[in-house]
$ cat final_37.cif   # mmCIF, C-alpha atoms
data_input
#
loop_
_atom_site.group_PDB
_atom_site.id
_atom_site.type_symbol
_atom_site.label_atom_id
_atom_site.label_comp_id
_atom_site.auth_asym_id
_atom_site.auth_seq_id
_atom_site.Cartn_x
_atom_site.Cartn_y
_atom_site.Cartn_z
ATOM 1 C CA MET W 274 0.000 0.000 0.000
ATOM 2 C CA GLN W 275 1.338 3.425 -0.947
ATOM 3 C CA ARG W 276 1.909 5.840 1.933
ATOM 4 C CA ASP W 277 1.449 9.576 1.385
ATOM 5 C CA VAL W 278 4.360 11.857 2.290
ATOM 6 C CA TYR W 279 3.921 15.639 2.424
ATOM 7 C CA PHE W 280 6.934 17.979 2.320
ATOM 8 C CA LEU W 281 6.313 21.424 3.790
ATOM 9 C CA THR W 282 8.178 23.628 1.300
ATOM 10 C CA LEU W 283 8.858 27.159 2.494
ATOM 11 C CA PRO W 284 11.018 29.937 1.013
ATOM 12 C CA GLY W 285 14.675 29.313 1.828
ATOM 13 C CA VAL W 286 14.199 25.570 2.259
ATOM 14 C CA MET W 287 17.478 23.662 2.362
ATOM 15 C CA ALA W 288 17.582 21.823 -0.952
ATOM 16 C CA LEU W 289 19.116 18.626 0.437
ATOM 17 C CA ASP W 290 16.770 18.611 3.453
ATOM 18 C CA LEU W 291 13.992 18.361 0.909
ATOM 19 C CA THR W 292 15.412 16.298 -1.944
ATOM 20 C CA GLY W 293 17.497 13.888 0.162
ATOM 21 C CA PRO W 294 14.578 12.280 2.009
ATOM 22 C CA ALA W 295 12.336 12.642 -1.048
ATOM 23 C CA GLU W 296 14.711 10.759 -3.343
ATOM 24 C CA THR W 297 15.317 8.096 -0.687
ATOM 25 C CA LEU W 298 11.603 7.435 -0.259
ATOM 26 C CA ARG W 299 11.006 7.542 -4.008
ATOM 27 C CA LEU W 300 13.538 4.786 -4.568
ATOM 28 C CA ALA W 301 11.642 2.559 -2.140
ATOM 29 C CA GLY W 302 8.680 2.623 -4.524
ATOM 30 C CA GLN W 303 5.996 2.558 -1.828
ATOM 31 C CA PHE W 304 5.593 6.259 -1.013
ATOM 32 C CA THR W 305 3.586 8.923 -2.856
ATOM 33 C CA LEU W 306 5.274 12.314 -2.553
ATOM 34 C CA HIS W 307 3.497 15.672 -2.262
ATOM 35 C CA TYR W 308 4.989 19.150 -1.921
ATOM 36 C CA ILE W 309 2.868 21.641 -0.014
ATOM 37 C CA SER W 310 3.252 25.322 0.851
ATOM 38 C CA PRO W 311 1.297 28.468 1.738
ATOM 39 C CA GLN W 312 2.332 29.796 -1.681
ATOM 40 C CA PRO W 313 2.553 28.222 -5.154
ATOM 41 C CA GLU W 314 6.355 28.401 -5.452
ATOM 42 C CA ALA W 315 9.441 28.713 -3.246
ATOM 43 C CA MET W 316 13.128 29.344 -3.828
ATOM 44 C CA THR W 317 15.482 26.833 -2.201
ATOM 45 C CA SER W 318 18.866 27.445 -0.574
ATOM 46 C CA THR W 319 20.602 26.739 -3.894
ATOM 47 C CA GLY W 320 18.522 29.251 -5.851
ATOM 48 C CA LEU W 321 16.395 26.544 -7.451
ATOM 49 C CA VAL W 322 12.758 27.603 -7.623
ATOM 50 C CA ILE W 323 10.180 24.901 -6.995
ATOM 51 C CA GLY W 324 6.794 25.590 -8.537
ATOM 52 C CA HIS W 325 3.304 24.095 -8.644
ATOM 53 C CA LEU W 326 3.317 23.572 -4.869
ATOM 54 C CA GLN W 327 0.049 22.292 -3.494
ATOM 55 C CA PRO W 328 -1.832 24.298 -0.839
ATOM 56 C CA LEU W 329 -1.665 23.213 2.801
ATOM 57 C CA PRO W 330 -4.210 20.389 3.172
ATOM 58 C CA GLU W 331 -7.045 20.677 5.634
ATOM 59 C CA LYS W 332 -6.671 17.014 6.623
ATOM 60 C CA PHE W 333 -4.503 13.999 5.904
ATOM 61 C CA ALA W 334 -5.271 10.394 5.196
ATOM 62 C CA ALA W 335 -4.470 8.176 8.162
ATOM 63 C CA GLY W 336 -0.878 6.984 8.079
ATOM 64 C CA SER W 337 0.454 10.013 6.214
ATOM 65 C CA ILE W 338 3.937 11.375 6.858
ATOM 66 C CA LEU W 339 4.501 15.114 7.234
ATOM 67 C CA VAL W 340 8.082 16.242 6.622
ATOM 68 C CA VAL W 341 9.285 19.676 7.776
ATOM 69 C CA PRO W 342 12.680 20.406 6.144
ATOM 70 C CA GLY W 343 14.997 23.058 7.492
ATOM 71 C CA VAL W 344 15.748 26.445 5.946
ATOM 72 C CA THR W 345 19.033 28.134 5.117
ATOM 73 C CA ASP W 346 18.659 30.844 7.800
ATOM 74 C CA SER W 347 15.997 30.049 10.365
ATOM 75 C CA THR W 348 16.346 33.465 12.033
ATOM 76 C CA ILE W 349 14.954 34.992 8.846
ATOM 77 C CA TYR W 350 12.913 32.414 7.000
ATOM 78 C CA TYR W 351 10.914 31.188 10.012
ATOM 79 C CA ASP W 352 9.625 34.710 10.640
ATOM 80 C CA THR W 353 8.268 35.345 7.155
ATOM 81 C CA PRO W 354 4.505 35.591 6.576
ATOM 82 C CA GLU W 355 4.632 32.192 4.846
ATOM 83 C CA ALA W 356 6.353 30.605 7.846
ATOM 84 C CA LEU W 357 3.877 32.155 10.265
ATOM 85 C CA THR W 358 1.019 30.726 8.209
ATOM 86 C CA ALA W 359 2.736 27.338 8.177
ATOM 87 C CA ARG W 360 3.341 27.448 11.932
ATOM 88 C CA LEU W 361 -0.310 28.107 12.672
ATOM 89 C CA TRP W 362 -1.271 25.305 10.297
ATOM 90 C CA LEU W 363 1.234 22.942 11.944
ATOM 91 C CA SER W 364 -0.229 23.633 15.381
ATOM 92 C CA GLN W 365 -3.575 22.423 14.057
ATOM 93 C CA GLN W 366 -2.027 19.006 13.307
ATOM 94 C CA GLN W 367 -1.042 18.370 16.931
ATOM 95 C CA GLU W 368 -3.964 16.122 17.819
ATOM 96 C CA ALA W 369 -3.542 13.975 14.705
ATOM 97 C CA ILE W 370 0.164 13.536 15.503
ATOM 98 C CA GLU W 371 -0.501 12.647 19.131
ATOM 99 C CA HIS W 372 -3.011 10.002 18.044
ATOM 100 C CA GLY W 373 -0.638 8.550 15.485
ATOM 101 C CA GLU W 374 -2.758 9.495 12.486
ATOM 102 C CA ILE W 375 0.212 11.477 11.122
ATOM 103 C CA THR W 376 3.921 10.840 11.540
ATOM 104 C CA LEU W 377 5.882 14.083 11.904
ATOM 105 C CA VAL W 378 9.437 14.172 10.533
ATOM 106 C CA CYS W 379 11.627 17.242 11.081
ATOM 107 C CA VAL W 380 14.912 17.614 9.224
ATOM 108 C CA CYS W 381 17.628 19.904 10.588
ATOM 109 C CA SER W 382 16.192 23.306 11.634
ATOM 110 C CA GLY W 383 12.700 22.092 10.739
ATOM 111 C CA SER W 384 12.536 21.146 14.428
ATOM 112 C CA LEU W 385 12.546 24.854 15.278
ATOM 113 C CA LEU W 386 9.373 25.510 13.307
ATOM 114 C CA ALA W 387 7.667 22.426 14.736
ATOM 115 C CA GLY W 388 8.830 23.355 18.222
ATOM 116 C CA ARG W 389 7.466 26.873 17.931
ATOM 117 C CA ALA W 390 4.172 25.325 16.800
ATOM 118 C CA GLY W 391 4.072 23.318 20.034
ATOM 119 C CA LEU W 392 4.458 19.950 18.316
ATOM 120 C CA LEU W 393 7.582 18.905 20.258
ATOM 121 C CA ASP W 394 6.349 19.568 23.796
ATOM 122 C CA GLY W 395 6.905 16.425 25.834
ATOM 123 C CA TYR W 396 8.811 14.693 23.032
ATOM 124 C CA GLN W 397 12.457 13.696 22.864
ATOM 125 C CA CYS W 398 13.927 15.470 19.855
ATOM 126 C CA THR W 399 17.063 16.879 18.260
ATOM 127 C CA THR W 400 18.222 19.262 15.546
ATOM 128 C CA HIS W 401 21.398 20.604 13.922
ATOM 129 C CA HIS W 402 24.098 21.341 16.510
ATOM 130 C CA ASN W 403 24.252 24.994 15.466
ATOM 131 C CA VAL W 404 20.658 25.645 16.534
ATOM 132 C CA ILE W 405 20.165 23.157 19.337
ATOM 133 C CA GLU W 406 20.308 25.867 22.034
ATOM 134 C CA ARG W 407 17.717 27.897 20.152
ATOM 135 C CA LEU W 408 15.474 24.837 20.069
ATOM 136 C CA ARG W 409 15.733 24.606 23.860
ATOM 137 C CA GLN W 410 14.839 28.287 24.166
ATOM 138 C CA GLN W 411 12.017 28.340 21.634
ATOM 139 C CA ALA W 412 10.490 25.009 22.678
ATOM 140 C CA PRO W 413 11.083 24.808 26.440
ATOM 141 C CA GLY W 414 8.631 21.921 26.714
ATOM 142 C CA ALA W 415 10.676 19.742 24.363
ATOM 143 C CA LEU W 416 13.148 17.135 25.632
ATOM 144 C CA VAL W 417 16.128 18.113 23.499
ATOM 145 C CA ARG W 418 18.904 15.567 22.931
ATOM 146 C CA GLU W 419 22.388 16.374 21.648
ATOM 147 C CA ASN W 420 24.790 14.346 19.510
ATOM 148 C CA ARG W 421 22.093 12.338 17.761
ATOM 149 C CA ILE W 422 21.719 11.554 14.068
ATOM 150 C CA PHE W 423 18.002 11.413 14.683
ATOM 151 C CA VAL W 424 15.599 10.773 17.519
ATOM 152 C CA GLU W 425 12.299 8.901 17.328
ATOM 153 C CA ASP W 426 9.667 9.396 20.021
ATOM 154 C CA ARG W 427 6.283 7.853 19.302
ATOM 155 C CA PHE W 428 5.077 9.467 16.060
ATOM 156 C CA VAL W 429 7.652 12.258 15.986
ATOM 157 C CA LEU W 430 11.079 11.928 14.351
ATOM 158 C CA THR W 431 13.625 14.734 14.379
ATOM 159 C CA SER W 432 17.066 14.731 12.797
ATOM 160 C CA ALA W 433 20.346 16.618 12.910
ATOM 161 C CA GLY W 434 21.742 18.419 9.922
ATOM 162 C CA ILE W 435 21.054 18.038 6.228
ATOM 163 C CA THR W 436 22.116 14.490 5.237
ATOM 164 C CA ALA W 437 20.578 13.106 8.434
ATOM 165 C CA GLY W 438 17.259 13.455 6.629
ATOM 166 C CA ILE W 439 18.387 10.568 4.430
ATOM 167 C CA ASP W 440 19.012 8.472 7.550
ATOM 168 C CA VAL W 441 15.494 9.184 8.797
ATOM 169 C CA ALA W 442 14.044 8.224 5.420
ATOM 170 C CA LEU W 443 16.005 4.947 5.432
ATOM 171 C CA HIS W 444 14.701 4.278 8.920
ATOM 172 C CA LEU W 445 11.116 4.842 7.759
ATOM 173 C CA ILE W 446 11.677 2.440 4.869
ATOM 174 C CA ALA W 447 13.149 -0.180 7.199
ATOM 175 C CA ARG W 448 10.237 0.227 9.601
ATOM 176 C CA ASP W 449 7.524 0.066 6.930
ATOM 177 C CA LEU W 450 9.031 -2.248 4.322
ATOM 178 C CA GLY W 451 11.713 -4.143 6.207
ATOM 179 C CA PRO W 452 15.479 -3.716 6.644
ATOM 180 C CA GLN W 453 16.353 -5.402 3.369
ATOM 181 C CA ALA W 454 14.367 -2.796 1.430
ATOM 182 C CA ALA W 455 16.226 -0.007 3.238
ATOM 183 C CA LEU W 456 19.564 -1.670 2.578
ATOM 184 C CA GLU W 457 18.789 -1.941 -1.120
ATOM 185 C CA VAL W 458 17.902 1.753 -1.308
ATOM 186 C CA ALA W 459 21.042 2.697 0.632
ATOM 187 C CA ARG W 460 23.204 0.670 -1.737
ATOM 188 C CA GLU W 461 21.455 2.210 -4.756
ATOM 189 C CA MET W 462 22.257 5.663 -3.361
ATOM 190 C CA VAL W 463 25.782 4.576 -2.349
ATOM 191 C CA VAL W 464 25.270 5.788 1.227
ATOM 192 C CA TYR W 465 25.837 4.122 4.568
ATOM 193 C CA PHE W 466 22.894 2.748 6.487
ATOM 194 C CA ARG W 467 22.997 4.463 9.878
ATOM 195 C CA ARG W 468 20.710 4.879 12.834
ATOM 196 C CA ALA W 469 20.627 7.214 15.804
ATOM 197 C CA GLY W 470 22.881 6.557 18.769
ATOM 198 C CA ASP W 471 20.031 6.097 21.211
ATOM 199 C CA ASP W 472 18.055 3.745 18.972
ATOM 200 C CA PRO W 473 17.930 0.032 19.832
ATOM 201 C CA GLN W 474 21.128 -1.723 18.879
ATOM 202 C CA LEU W 475 21.099 -2.881 15.290
ATOM 203 C CA SER W 476 20.230 -6.485 14.731
ATOM 204 C CA PRO W 477 22.769 -8.580 12.804
ATOM 205 C CA TRP W 478 20.548 -8.157 9.724
ATOM 206 C CA LEU W 479 21.794 -4.545 9.698
ATOM 207 C CA ARG W 480 24.711 -4.273 12.110
ATOM 208 C CA TYR W 481 27.352 -5.468 9.660
ATOM 209 C CA ARG W 482 25.923 -3.935 6.485
ATOM 210 C CA ASN W 483 27.661 -0.591 6.799
ATOM 211 C CA HIS W 484 30.119 -1.284 3.979
ATOM 212 C CA LEU W 485 30.162 -1.229 0.185
ATOM 213 C CA HIS W 486 32.044 -4.399 -0.806
ATOM 214 C CA PRO W 487 29.913 -6.350 -3.322
ATOM 215 C CA ALA W 488 31.382 -9.798 -2.572
ATOM 216 C CA VAL W 489 30.739 -9.424 1.155
ATOM 217 C CA HIS W 490 27.176 -8.278 0.457
ATOM 218 C CA ARG W 491 26.658 -11.311 -1.774
ATOM 219 C CA ALA W 492 27.881 -13.620 0.973
ATOM 220 C CA GLN W 493 25.676 -11.907 3.538
ATOM 221 C CA ASN W 494 22.651 -12.159 1.261
ATOM 222 C CA VAL W 495 23.229 -15.894 0.838
ATOM 223 C CA MET W 496 23.367 -16.559 4.580
ATOM 224 C CA ALA W 497 20.582 -14.115 5.435
ATOM 225 C CA ALA W 498 18.233 -15.867 2.992
ATOM 226 C CA GLU W 499 18.627 -19.197 4.837
ATOM 227 C CA PRO W 500 20.250 -18.515 8.219
ATOM 228 C CA GLU W 501 19.109 -21.856 9.623
ATOM 229 C CA SER W 502 21.100 -23.787 7.003
ATOM 230 C CA SER W 503 24.469 -25.351 7.817
ATOM 231 C CA TRP W 504 26.531 -23.030 5.666
ATOM 232 C CA GLN W 505 30.142 -24.015 5.048
ATOM 233 C CA ILE W 506 32.513 -21.220 4.157
ATOM 234 C CA GLU W 507 33.370 -22.951 0.876
ATOM 235 C CA ASP W 508 29.725 -22.897 -0.189
ATOM 236 C CA VAL W 509 29.281 -19.255 0.777
ATOM 237 C CA ALA W 510 32.479 -18.256 -0.999
ATOM 238 C CA THR W 511 31.347 -20.034 -4.163
ATOM 239 C CA ARG W 512 28.055 -18.117 -4.102
ATOM 240 C CA ALA W 513 29.983 -14.870 -3.533
ATOM 241 C CA HIS W 514 32.310 -15.656 -6.467
ATOM 242 C CA VAL W 515 35.518 -15.475 -4.419
ATOM 243 C CA SER W 516 37.832 -17.985 -2.760
ATOM 244 C CA SER W 517 37.283 -19.119 0.808
ATOM 245 C CA ARG W 518 40.548 -17.537 1.893
ATOM 246 C CA HIS W 519 39.706 -14.228 0.241
ATOM 247 C CA LEU W 520 36.217 -14.172 1.735
ATOM 248 C CA THR W 521 37.641 -14.794 5.197
ATOM 249 C CA ARG W 522 39.996 -11.857 4.768
ATOM 250 C CA LEU W 523 37.219 -9.619 3.438
ATOM 251 C CA PHE W 524 34.931 -10.357 6.402
ATOM 252 C CA ARG W 525 37.711 -9.502 8.846
ATOM 253 C CA GLU W 526 38.578 -6.343 6.960
ATOM 254 C CA HIS W 527 35.084 -4.966 6.397
ATOM 255 C CA LEU W 528 33.058 -6.496 9.259
ATOM 256 C CA GLY W 529 35.628 -7.238 11.927
ATOM 257 C CA ILE W 530 34.267 -10.764 12.454
ATOM 258 C CA SER W 531 34.530 -14.127 10.721
ATOM 259 C CA VAL W 532 32.067 -15.701 8.321
ATOM 260 C CA ARG W 533 31.131 -18.260 10.960
ATOM 261 C CA GLU W 534 30.579 -15.555 13.588
ATOM 262 C CA TYR W 535 28.340 -13.571 11.248
ATOM 263 C CA HIS W 536 26.297 -16.696 10.488
ATOM 264 C CA GLU W 537 25.974 -17.454 14.187
ATOM 265 C CA GLN W 538 24.634 -13.980 14.884
ATOM 266 C CA LEU W 539 21.984 -14.443 12.212
ATOM 267 C CA ARG W 540 20.962 -17.696 13.858
ATOM 268 C CA LEU W 541 20.757 -15.996 17.244
ATOM 269 C CA ALA W 542 18.465 -13.360 15.766
ATOM 270 C CA VAL W 543 16.218 -16.078 14.295
ATOM 271 C CA ALA W 544 16.113 -17.915 17.614
ATOM 272 C CA GLN W 545 15.132 -14.719 19.420
ATOM 273 C CA GLN W 546 12.360 -14.085 16.907
ATOM 274 C CA ARG W 547 11.015 -17.602 17.428
ATOM 275 C CA LEU W 548 11.080 -17.142 21.198
ATOM 276 C CA GLN W 549 9.115 -13.919 20.817
ATOM 277 C CA GLN W 550 6.594 -15.846 18.728
ATOM 278 C CA GLY W 551 6.003 -18.214 21.642
ATOM 279 C CA LEU W 552 8.204 -21.209 20.836
ATOM 280 C CA GLY W 553 10.044 -22.971 23.629
ATOM 281 C CA VAL W 554 13.813 -22.637 23.900
ATOM 282 C CA GLU W 555 14.510 -26.070 22.382
ATOM 283 C CA GLN W 556 12.137 -25.488 19.473
ATOM 284 C CA ALA W 557 13.519 -22.003 18.862
ATOM 285 C CA ALA W 558 17.070 -23.335 18.864
ATOM 286 C CA LEU W 559 16.274 -26.038 16.328
ATOM 287 C CA ALA W 560 14.308 -23.625 14.124
ATOM 288 C CA ALA W 561 17.370 -21.366 13.980
ATOM 289 C CA GLY W 562 19.682 -24.188 12.986
ATOM 290 C CA PHE W 563 21.292 -24.892 16.357
ATOM 291 C CA THR W 564 21.632 -28.547 17.336
ATOM 292 C CA SER W 565 20.127 -27.966 20.778
ATOM 293 C CA SER W 566 19.079 -25.332 23.290
ATOM 294 C CA ARG W 567 22.427 -25.922 24.995
ATOM 295 C CA GLN W 568 24.297 -24.858 21.866
ATOM 296 C CA LEU W 569 22.033 -21.824 21.608
ATOM 297 C CA ARG W 570 22.780 -20.773 25.196
ATOM 298 C CA ARG W 571 26.506 -21.181 24.628
ATOM 299 C CA ALA W 572 26.320 -18.913 21.582
ATOM 300 C CA GLN W 573 24.294 -16.331 23.502
ATOM 301 C CA LEU W 574 26.791 -16.343 26.360
ATOM 302 C CA ARG W 575 29.752 -16.035 24.012
ATOM 303 C CA TRP W 576 28.384 -12.883 22.380
ATOM 304 C CA GLN W 577 27.223 -11.410 25.674
ATOM 305 C CA LEU W 578 30.779 -11.722 26.991
ATOM 306 C CA LEU W 579 31.910 -9.812 23.893
ATOM 307 C CA GLY W 580 29.381 -7.089 24.624
ATOM 308 C CA VAL W 581 27.064 -7.899 21.715
ATOM 309 C CA SER W 582 23.456 -8.655 22.643
ATOM 310 C CA ALA W 583 21.861 -11.786 21.244
ATOM 311 C CA ASN W 584 18.543 -9.983 21.312
ATOM 312 C CA PRO W 585 18.136 -7.849 18.168
ATOM 313 C CA GLU W 586 15.743 -5.526 19.968
ATOM 314 C CA SER W 587 17.658 -5.018 23.205
#

$ encode --input "final_37.cif" --output "structure tokens"
Amino acid sequence: MQRDVYFLTLPGVMALDLTGPAETLRLAGQFTLHYISPQPEAMTSTGLVIGHLQPLPEKFAAGSILVVPGVTDSTIYYDTPEALTARLWLSQQQEAIEHGEITLVCVCSGSLLAGRAGLLDGYQCTTHHNVIERLRQQAPGALVRENRIFVEDRFVLTSAGITAGIDVALHLIARDLGPQAALEVAREMVVYFRRAGDDPQLSPWLRYRNHLHPAVHRAQNVMAAEPESSWQIEDVATRAHVSSRHLTRLFREHLGISVREYHEQLRLAVAQQRLQQGLGVEQAALAAGFTSSRQLRRAQLRWQLLGVSANPES
């Protein structure tokens, strides 16, 4: 099902705040993009004029995403008549956001406009480091966090500067369409797949994907497709079109772990998923490809001692 995404496009909008998330979501193929504004056209930070902007909608379809990009100089552009109109309109969306009918996404200084509209009161949030103190001053009810790529609190997501909007968009894709879809978009864009520092630790499906080596990705795809199988390194290397020795070296170089260790982490993630679905420990272990619950516990303990959780959501 297509999900509607509305970009609030004001004069002075940062071009990459707008086009970065838009292009990311477009590549996913499951989002319908709309560009809205109090006026029919707006000049971006790069001098590009965007025309045929749609008027601010009176209501949204349930499940819509509202994106508020930042502007090149928020001390000027957030006090224009257009911004004041937008701020009043944003304040009228508060109830829909609180009830989860709309997901609010603020990129960079877009948090300032949302904060001044009262949409961040009681929410954990962030913004670009250059304006984070102003966010605290202008939205005293917000729970401002520093040093974050982005912060998600219920149906409100706020990001740091500029390219962090791409990270938020990848996160939305992963949440709605699954991590593999987000990884494919990230690889198409040749960007790293990142998440915010205070988000849950990445599961092994994502934790070791922050690289660009095609042979390693091929090997990971093979094991991720059937993590419960008894993969031998020779078989994986053949599927990745490299030698076993070379694949071993590549995993150490790009992931910092061995092929066997990566496979084991996938199995641990599967076992945890089965436990969450209500299976007993022995059944979950067997479903993940372990020979017994004892082998599963040994693997869990080994990674816990290394400081890596066996639970992908912990």

$ resolve_selection --input "final_37.cif" --expression "the PyMOL selection byres ((chain W and resi 333) around 9)" --output "PDB file with C-alpha atoms, keeping the file's coordinate frame"
ATOM      1  CA  ASP W 277       1.449   9.576   1.385  1.00  0.00           C
ATOM      2  CA  PRO W 330      -4.210  20.389   3.172  1.00  0.00           C
ATOM      3  CA  GLU W 331      -7.045  20.677   5.634  1.00  0.00           C
ATOM      4  CA  LYS W 332      -6.671  17.014   6.623  1.00  0.00           C
ATOM      5  CA  ALA W 334      -5.271  10.394   5.196  1.00  0.00           C
ATOM      6  CA  ALA W 335      -4.470   8.176   8.162  1.00  0.00           C
ATOM      7  CA  GLY W 336      -0.878   6.984   8.079  1.00  0.00           C
ATOM      8  CA  SER W 337       0.454  10.013   6.214  1.00  0.00           C
ATOM      9  CA  ILE W 338       3.937  11.375   6.858  1.00  0.00           C
ATOM     10  CA  ALA W 369      -3.542  13.975  14.705  1.00  0.00           C
ATOM     11  CA  GLU W 374      -2.758   9.495  12.486  1.00  0.00           C
ATOM     12  CA  ILE W 375       0.212  11.477  11.122  1.00  0.00           C
TER      13      ILE W 375
END

$ closest_residue --input "final_37.cif" --among "W:Ser432, W:Gln312, W:Ser382, W:Gln411" --to "W:Cys398" --atoms "all atoms listed in the file"
W:Ser432

$ residues_around --input "final_37.cif" --residues "W:His402" --least-positions-apart "6" --cutoff "12 Å" --atoms "all atoms listed in the file" --output "MDAnalysis selection string"
chainID W and resid 381:382 384 408:409 417:423 432:435

$ resolve_selection --input "final_37.cif" --expression "the PyMOL selection byres ((chain W and resi 294) around 6)" --output "ChimeraX atom specification"
/W:292-293,295-297,438-439,442

$ closest_residue --input "final_37.cif" --among "W:Gly383, W:Gly302, W:Gly414, W:Pro284" --to "W:Asp449" --atoms "all atoms listed in the file"
W:Gly302

$ build_atoms --input "final_37.cif" --residues "stretch 549-571 of chain W" --atoms "N, CA and C atoms" --output "CSV table (one decimal), in the coordinates of the input"
chain,number,residue,atom,x,y,z
W,549,GLN,N,10.1,-15.0,20.7
W,549,GLN,CA,9.1,-13.9,20.8
W,549,GLN,C,7.8,-14.4,20.2
W,550,GLN,N,7.8,-15.3,19.3
W,550,GLN,CA,6.6,-15.8,18.7
W,550,GLN,C,6.0,-16.9,19.6
W,551,GLY,N,6.6,-17.3,20.7
W,551,GLY,CA,6.0,-18.2,21.6
W,551,GLY,C,6.6,-19.6,21.6
W,552,LEU,N,7.6,-19.9,20.8
W,552,LEU,CA,8.2,-21.2,20.8
W,552,LEU,C,9.0,-21.4,22.1
W,553,GLY,N,9.2,-22.7,22.5
W,553,GLY,CA,10.0,-23.0,23.6
W,553,GLY,C,11.5,-22.8,23.2
W,554,VAL,N,12.4,-22.9,24.2
W,554,VAL,CA,13.8,-22.6,23.9
W,554,VAL,C,14.4,-23.7,23.0
W,555,GLU,N,14.0,-25.0,23.2
W,555,GLU,CA,14.5,-26.1,22.4
W,555,GLU,C,14.0,-25.9,20.9
W,556,GLN,N,12.7,-25.6,20.8
W,556,GLN,CA,12.1,-25.5,19.5
W,556,GLN,C,12.8,-24.3,18.7
W,557,ALA,N,12.9,-23.2,19.5
W,557,ALA,CA,13.5,-22.0,18.9
W,557,ALA,C,14.9,-22.3,18.4
W,558,ALA,N,15.7,-23.0,19.2
W,558,ALA,CA,17.1,-23.3,18.9
W,558,ALA,C,17.1,-24.2,17.6
W,559,LEU,N,16.3,-25.2,17.5
W,559,LEU,CA,16.3,-26.0,16.3
W,559,LEU,C,15.8,-25.3,15.1
W,560,ALA,N,14.8,-24.4,15.3
W,560,ALA,CA,14.3,-23.6,14.1
W,560,ALA,C,15.4,-22.7,13.6
W,561,ALA,N,16.3,-22.3,14.4
W,561,ALA,CA,17.4,-21.4,14.0
W,561,ALA,C,18.6,-22.1,13.5
W,562,GLY,N,18.6,-23.4,13.5
W,562,GLY,CA,19.7,-24.2,13.0
W,562,GLY,C,20.7,-24.7,14.0
W,563,PHE,N,20.4,-24.4,15.3
W,563,PHE,CA,21.3,-24.9,16.4
W,563,PHE,C,20.9,-26.4,16.6
W,564,THR,N,21.9,-27.1,17.1
W,564,THR,CA,21.6,-28.5,17.3
W,564,THR,C,20.8,-28.8,18.6
W,565,SER,N,20.8,-27.8,19.5
W,565,SER,CA,20.1,-28.0,20.8
W,565,SER,C,20.0,-26.6,21.5
W,566,SER,N,19.2,-26.6,22.5
W,566,SER,CA,19.1,-25.3,23.3
W,566,SER,C,20.4,-25.1,24.0
W,567,ARG,N,21.1,-26.1,24.3
W,567,ARG,CA,22.4,-25.9,25.0
W,567,ARG,C,23.4,-25.2,24.1
W,568,GLN,N,23.4,-25.6,22.8
W,568,GLN,CA,24.3,-24.9,21.9
W,568,GLN,C,23.9,-23.4,21.7
W,569,LEU,N,22.6,-23.2,21.7
W,569,LEU,CA,22.0,-21.8,21.6
W,569,LEU,C,22.5,-21.0,22.8
W,570,ARG,N,22.4,-21.5,24.0
W,570,ARG,CA,22.8,-20.8,25.2
W,570,ARG,C,24.3,-20.5,25.2
W,571,ARG,N,25.1,-21.4,24.7
W,571,ARG,CA,26.5,-21.2,24.6
W,571,ARG,C,26.8,-20.0,23.7
